[in-house]
file query.cif (mmCIF, C-alpha atoms)
data_structure
loop_
_atom_site.label_atom_id
_atom_site.label_comp_id
_atom_site.auth_asym_id
_atom_site.auth_seq_id
_atom_site.Cartn_x
_atom_site.Cartn_y
_atom_site.Cartn_z
CA MET A 9 57.82 74.70 79.45
CA ASP A 10 59.09 78.15 80.34
CA HIS A 11 60.99 79.60 77.38
CA THR A 12 61.16 83.13 78.75
CA GLY A 13 64.19 84.93 77.35
CA ARG A 14 65.15 82.02 75.11
CA VAL A 15 65.55 82.26 71.34
CA ALA A 16 65.10 79.33 68.99
CA ILE A 17 65.25 78.63 65.29
CA VAL A 18 62.54 76.29 64.00
CA THR A 19 62.82 74.93 60.46
CA GLY A 20 59.81 73.62 58.60
CA ALA A 21 57.77 76.12 60.62
CA GLY A 22 55.10 76.60 57.98
CA SER A 23 52.95 73.70 59.14
CA GLY A 24 52.74 70.55 61.22
CA ILE A 25 55.36 69.84 63.86
CA GLY A 26 57.39 72.93 63.02
CA ARG A 27 54.45 75.29 63.33
CA SER A 28 53.38 73.62 66.59
CA ALA A 29 56.89 73.89 68.02
CA THR A 30 57.03 77.57 67.06
CA GLU A 31 53.64 78.28 68.63
CA ILE A 32 54.54 76.44 71.86
CA ILE A 33 57.87 78.21 72.27
CA ALA A 34 56.33 81.63 71.55
CA ALA A 35 53.32 81.00 73.82
CA ASN A 36 55.69 80.14 76.66
CA GLY A 37 57.76 83.31 76.51
CA GLY A 38 60.34 82.43 73.87
CA SER A 39 61.23 84.10 70.62
CA VAL A 40 61.46 82.16 67.37
CA ILE A 41 63.03 82.47 63.97
CA ALA A 42 60.50 80.52 61.88
CA VAL A 43 62.04 79.11 58.70
CA ASP A 44 60.22 77.65 55.72
CA ARG A 45 60.61 77.54 51.93
CA SER A 46 58.30 80.49 51.33
CA LEU A 47 57.04 83.44 53.34
CA ASP A 48 53.56 82.42 52.16
CA HIS A 49 53.90 79.30 54.32
CA LEU A 50 54.60 81.53 57.32
CA ASP A 51 51.64 83.93 56.93
CA TRP A 52 50.15 82.47 60.11
CA ALA A 53 52.98 84.14 62.08
CA ASP A 54 52.04 87.67 61.00
CA GLY A 55 51.35 89.79 64.06
CA HIS A 56 53.39 87.65 66.46
CA GLU A 57 55.96 90.10 67.80
CA ASN A 58 58.27 87.34 69.01
CA VAL A 59 58.23 85.32 65.76
CA VAL A 60 60.36 86.39 62.80
CA ALA A 61 59.83 84.66 59.46
CA VAL A 62 62.77 83.66 57.26
CA ALA A 63 62.23 82.09 53.84
CA GLY A 64 64.74 79.77 52.25
CA ASP A 65 65.97 76.29 51.45
CA VAL A 66 67.48 74.61 54.53
CA SER A 67 69.77 72.56 52.31
CA THR A 68 71.84 75.72 51.73
CA GLU A 69 74.41 77.31 54.00
CA GLN A 70 72.92 80.72 53.18
CA THR A 71 69.48 79.93 54.62
CA ASN A 72 70.90 78.42 57.79
CA GLN A 73 73.21 81.37 58.32
CA ALA A 74 70.37 83.82 57.58
CA ALA A 75 68.32 82.18 60.35
CA VAL A 76 71.18 82.49 62.84
CA ASP A 77 71.84 86.08 61.78
CA ALA A 78 68.13 86.91 62.22
CA ALA A 79 68.18 85.48 65.75
CA ILE A 80 71.15 87.62 66.70
CA GLU A 81 69.84 90.73 64.92
CA HIS A 82 66.28 90.57 66.29
CA PHE A 83 66.75 88.97 69.69
CA GLY A 84 70.47 89.23 70.51
CA ARG A 85 71.14 85.54 71.04
CA LEU A 86 70.41 81.95 70.03
CA ASP A 87 69.66 79.22 72.56
CA ALA A 88 68.11 76.38 70.57
CA ALA A 89 67.41 74.98 67.13
CA VAL A 90 64.50 72.73 66.24
CA LEU A 91 65.66 71.20 62.96
CA ASN A 92 62.41 69.88 61.64
CA ALA A 93 62.21 70.69 57.92
CA GLY A 94 61.75 67.60 55.83
CA VAL A 95 60.48 66.19 52.60
CA SER A 96 58.80 62.85 52.17
CA GLY A 97 58.65 60.75 49.08
CA SER A 98 57.69 57.39 47.81
CA GLY A 99 58.14 55.43 44.65
CA ASP A 100 59.43 52.32 43.03
CA LEU A 101 63.05 51.56 43.90
CA ILE A 102 64.00 51.10 40.24
CA GLU A 103 61.78 53.71 38.59
CA GLN A 104 61.81 56.61 41.06
CA SER A 105 64.02 59.48 40.00
CA MET A 106 67.39 59.86 41.67
CA ASP A 107 66.53 63.56 41.82
CA ASP A 108 63.91 62.60 44.43
CA PHE A 109 66.61 60.81 46.41
CA ASP A 110 69.00 63.75 46.10
CA ARG A 111 66.33 66.21 47.30
CA SER A 112 65.42 63.98 50.23
CA MET A 113 69.05 63.76 51.32
CA ALA A 114 69.57 67.49 50.77
CA VAL A 115 66.65 68.63 52.93
CA ASN A 116 66.43 65.81 55.47
CA VAL A 117 70.15 65.24 56.09
CA ARG A 118 72.20 68.12 54.71
CA GLY A 119 69.69 70.62 56.13
CA VAL A 120 70.15 69.16 59.61
CA ILE A 121 73.95 69.15 59.38
CA LEU A 122 74.08 72.71 58.07
CA GLY A 123 71.62 73.81 60.75
CA VAL A 124 73.76 72.30 63.50
CA ARG A 125 76.92 73.86 62.10
CA ALA A 126 75.45 77.36 61.75
CA ALA A 127 73.67 77.35 65.11
CA THR A 128 76.58 75.89 67.08
CA ARG A 129 78.73 78.90 66.25
CA ALA A 130 76.15 81.22 67.85
CA MET A 131 75.27 78.90 70.74
CA ARG A 132 78.86 78.77 71.91
CA ASN A 133 78.20 82.24 73.29
CA THR A 134 75.34 81.17 75.58
CA SER A 135 75.89 80.30 79.21
CA ASP A 136 74.41 76.81 78.90
CA GLY A 137 75.73 75.96 75.43
CA GLY A 138 72.35 75.71 73.74
CA ALA A 139 70.20 72.77 72.68
CA PHE A 140 69.10 70.96 69.54
CA CYS A 141 65.97 69.03 68.72
CA VAL A 142 66.05 67.12 65.43
CA THR A 143 62.94 65.55 63.94
CA ALA A 144 63.52 62.03 62.69
CA SER A 145 61.02 59.25 62.00
CA THR A 146 60.36 55.63 62.74
CA SER A 147 60.87 55.26 58.98
CA GLY A 148 64.57 55.70 59.69
CA ILE A 149 64.53 52.73 62.06
CA ARG A 150 62.13 50.19 60.63
CA ALA A 151 61.50 51.64 57.15
CA ASP A 152 58.22 51.91 55.31
CA PRO A 153 57.45 50.11 52.04
CA GLY A 154 57.99 52.20 48.94
CA MET A 155 59.56 55.10 50.84
CA TRP A 156 63.20 54.23 50.26
CA THR A 157 64.36 57.83 49.77
CA TYR A 158 62.76 58.98 53.03
CA ASN A 159 63.82 55.84 54.93
CA ALA A 160 67.45 56.32 53.92
CA ALA A 161 67.46 60.01 54.80
CA LYS A 162 65.84 59.58 58.20
CA GLY A 163 68.14 56.67 59.00
CA ALA A 164 71.06 58.96 58.26
CA VAL A 165 69.62 61.70 60.50
CA ILE A 166 69.12 59.28 63.38
CA ASN A 167 72.70 58.09 63.18
CA TYR A 168 74.09 61.61 62.72
CA VAL A 169 72.38 62.72 65.91
CA ARG A 170 73.54 59.62 67.78
#
call {"tool": "encode", "arguments": {"input": "query.cif", "output": "C-alpha cells"}}
result
Amino acid sequence: MDHTGRVAIVTGAGSGIGRSATEIIAANGGSVIAVDRSLDHLDWADGHENVVAVAGDVSTEQTNQAAVDAAIEHFGRLDAAVLNAGVSGSGDLIEQSMDDFDRSMAVNVRGVILGVRAATRAMRNTSDGGAFCVTASTSGIRADPGMWTYNAAKGAVINYVR
C-alpha cells in the first residue's frame, strides 16, 4: 500500500473507518486532508506533518470545496477521496422525525455526491485521473430493522456509485 506522493481527502476522519484510512494512508507515505464536523474530533492528528485537519459539514458545498482547496494549497495536488462520513439512526417508521431522515440523506448521500463533484474537478489534473472510495453498508442492500433512514441513504449511495 505505497501512497508515497499521493494526496487524499478522507471524510469522517475523526474516528472509526475514516481515522483508520487516514492513518494507513499517512503511514504509507501519503498526505491526507482529514475532514470531520469539529476540529476537536481531529485532535489525534496533531503533530502529523502530512495530515491537515479541516472542520465542516460534508453536506455543504463549502466544506467539500474547502477540503479540495486545502489539498491543493498544502500538498499541490489531489489523487483520491475516501468519502466515509456518515450518520446512523434508528426509530419507528411512523414516529421518527423526518428531520432524522433529512439529515441522514444530507450527510450519507448529498455529502458523497458533493465530495465526488468537488474532488473530480481537481483530479482531472492528475496523470491517472484519481480514485474514489465510498463507504456504504450492508444496510443499503439487505436493510436492518428499525433503521429505515440509514437503510434508505446507504441504498442510495450504493446505487449512486454503481
call {"tool": "closest_atom_pairs", "arguments": {"input": "query.cif", "of": "stretch 78-139 of chain A", "to": "stretch 16-21 of chain A", "cutoff": "8 Å", "atoms": "all atoms listed in the file", "output": "CSV"}}
result
residue,atom,partner,partner_atom,distance
A:Ala79,CA,A:Ile17,CA,7.5
A:Leu86,CA,A:Ala16,CA,6.0
A:Asp87,CA,A:Ala16,CA,5.8
A:Ala88,CA,A:Ala16,CA,4.5
A:Ala89,CA,A:Ile17,CA,4.6
A:Val90,CA,A:Val18,CA,4.6
A:Leu91,CA,A:Thr19,CA,5.3
A:Asn92,CA,A:Thr19,CA,5.2
A:Ala93,CA,A:Gly20,CA,3.8
A:Gly94,CA,A:Gly20,CA,6.9
call {"tool": "closest_atom_pairs", "arguments": {"input": "query.cif", "of": "stretch 87-159 of chain A", "to": "stretch 66-72 of chain A", "cutoff": "12 Å", "atoms": "all atoms listed in the file", "output": "JSON lines"}}
result
{"residue": "A:Ala89", "atom": "CA", "partner": "A:Asn72", "partner_atom": "CA", "distance": 10.5}
{"residue": "A:Leu91", "atom": "CA", "partner": "A:Val66", "partner_atom": "CA", "distance": 9.3}
{"residue": "A:Asn92", "atom": "CA", "partner": "A:Val66", "partner_atom": "CA", "distance": 9.9}
{"residue": "A:Ala93", "atom": "CA", "partner": "A:Val66", "partner_atom": "CA", "distance": 7.4}
{"residue": "A:Gly94", "atom": "CA", "partner": "A:Val66", "partner_atom": "CA", "distance": 9.1}
{"residue": "A:Val95", "atom": "CA", "partner": "A:Val66", "partner_atom": "CA", "distance": 11.1}
{"residue": "A:Asp110", "atom": "CA", "partner": "A:Ser67", "partner_atom": "CA", "distance": 10.8}
{"residue": "A:Arg111", "atom": "CA", "partner": "A:Ser67", "partner_atom": "CA", "distance": 8.8}
{"residue": "A:Ser112", "atom": "CA", "partner": "A:Ser67", "partner_atom": "CA", "distance": 9.8}
{"residue": "A:Met113", "atom": "CA", "partner": "A:Ser67", "partner_atom": "CA", "distance": 8.9}
{"residue": "A:Ala114", "atom": "CA", "partner": "A:Ser67", "partner_atom": "CA", "distance": 5.3}
{"residue": "A:Val115", "atom": "CA", "partner": "A:Ser67", "partner_atom": "CA", "distance": 5.1}
{"residue": "A:Asn116", "atom": "CA", "partner": "A:Ser67", "partner_atom": "CA", "distance": 8.2}
{"residue": "A:Val117", "atom": "CA", "partner": "A:Ser67", "partner_atom": "CA", "distance": 8.2}
{"residue": "A:Arg118", "atom": "CA", "partner": "A:Ser67", "partner_atom": "CA", "distance": 5.6}
{"residue": "A:Gly119", "atom": "CA", "partner": "A:Ser67", "partner_atom": "CA", "distance": 4.3}
{"residue": "A:Val120", "atom": "CA", "partner": "A:Val66", "partner_atom": "CA", "distance": 7.9}
{"residue": "A:Ile121", "atom": "CA", "partner": "A:Ser67", "partner_atom": "CA", "distance": 8.9}
{"residue": "A:Leu122", "atom": "CA", "partner": "A:Glu69", "partner_atom": "CA", "distance": 6.2}
{"residue": "A:Gly123", "atom": "CA", "partner": "A:Asn72", "partner_atom": "CA", "distance": 5.5}
{"residue": "A:Val124", "atom": "CA", "partner": "A:Asn72", "partner_atom": "CA", "distance": 8.8}
{"residue": "A:Arg125", "atom": "CA", "partner": "A:Asn72", "partner_atom": "CA", "distance": 8.7}
{"residue": "A:Ala126", "atom": "CA", "partner": "A:Asn72", "partner_atom": "CA", "distance": 6.1}
{"residue": "A:Ala127", "atom": "CA", "partner": "A:Asn72", "partner_atom": "CA", "distance": 7.9}
{"residue": "A:Thr128", "atom": "CA", "partner": "A:Asn72", "partner_atom": "CA", "distance": 11.2}
{"residue": "A:Arg129", "atom": "CA", "partner": "A:Asn72", "partner_atom": "CA", "distance": 11.5}
{"residue": "A:Ala130", "atom": "CA", "partner": "A:Asn72", "partner_atom": "CA", "distance": 11.7}
call {"tool": "residues_around", "arguments": {"input": "query.cif", "residues": "A:Glu81", "least_positions_apart": "5", "cutoff": "12 Å", "atoms": "only C-alpha atoms", "output": "list in words"}}
result
Val15, Ile41, Val60, Gln73, Ala74, Ala75, Val76, Leu86 and Ala130 of chain A
call {"tool": "atom_distance", "arguments": {"input": "query.cif", "atom1": "atom CA of A:Asn58", "atom2": "atom CA of A:Asn36"}}
result
10.8 Å
call {"tool": "decode", "arguments": {"input": "query.cif", "residues": "stretch 55-87 of chain A", "atoms": "C-alpha atoms", "output": "short mmCIF file (atom, residue, chain, number, x, y, z; two decimals), in the first residue's frame"}}
result
data_model
loop_
_atom_site.label_atom_id
_atom_site.label_comp_id
_atom_site.auth_asym_id
_atom_site.auth_seq_id
_atom_site.Cartn_x
_atom_site.Cartn_y
_atom_site.Cartn_z
CA GLY A 55 1.71 16.59 15.11
CA HIS A 56 1.27 14.59 11.90
CA GLU A 57 3.03 16.74 9.32
CA ASN A 58 1.30 15.05 6.40
CA VAL A 59 -2.25 15.30 7.84
CA VAL A 60 -4.18 18.56 7.65
CA ALA A 61 -7.44 18.86 9.59
CA VAL A 62 -10.49 20.55 8.07
CA ALA A 63 -13.69 21.01 10.07
CA GLY A 64 -17.09 21.21 8.46
CA ASP A 65 -20.34 19.62 7.39
CA VAL A 66 -19.85 17.37 4.35
CA SER A 67 -23.43 18.02 3.27
CA THR A 68 -22.33 21.51 2.17
CA GLU A 69 -20.52 22.53 -0.98
CA GLN A 70 -18.33 24.84 1.11
CA THR A 71 -16.83 22.05 3.22
CA ASN A 72 -16.14 19.84 0.23
CA GLN A 73 -14.51 22.69 -1.66
CA ALA A 74 -12.50 23.68 1.43
CA ALA A 75 -11.10 20.13 1.59
CA VAL A 76 -10.08 20.22 -2.08
CA ASP A 77 -8.60 23.70 -1.67
CA ALA A 78 -6.61 22.52 1.36
CA ALA A 79 -5.20 19.59 -0.63
CA ILE A 80 -4.03 21.89 -3.40
CA GLU A 81 -2.74 24.57 -1.01
CA HIS A 82 -0.83 22.24 1.32
CA PHE A 83 0.24 19.43 -0.99
CA GLY A 84 -0.17 20.74 -4.55
CA ARG A 85 -2.49 18.04 -5.83
CA LEU A 86 -5.36 15.65 -5.13
CA ASP A 87 -5.25 11.98 -6.09
#
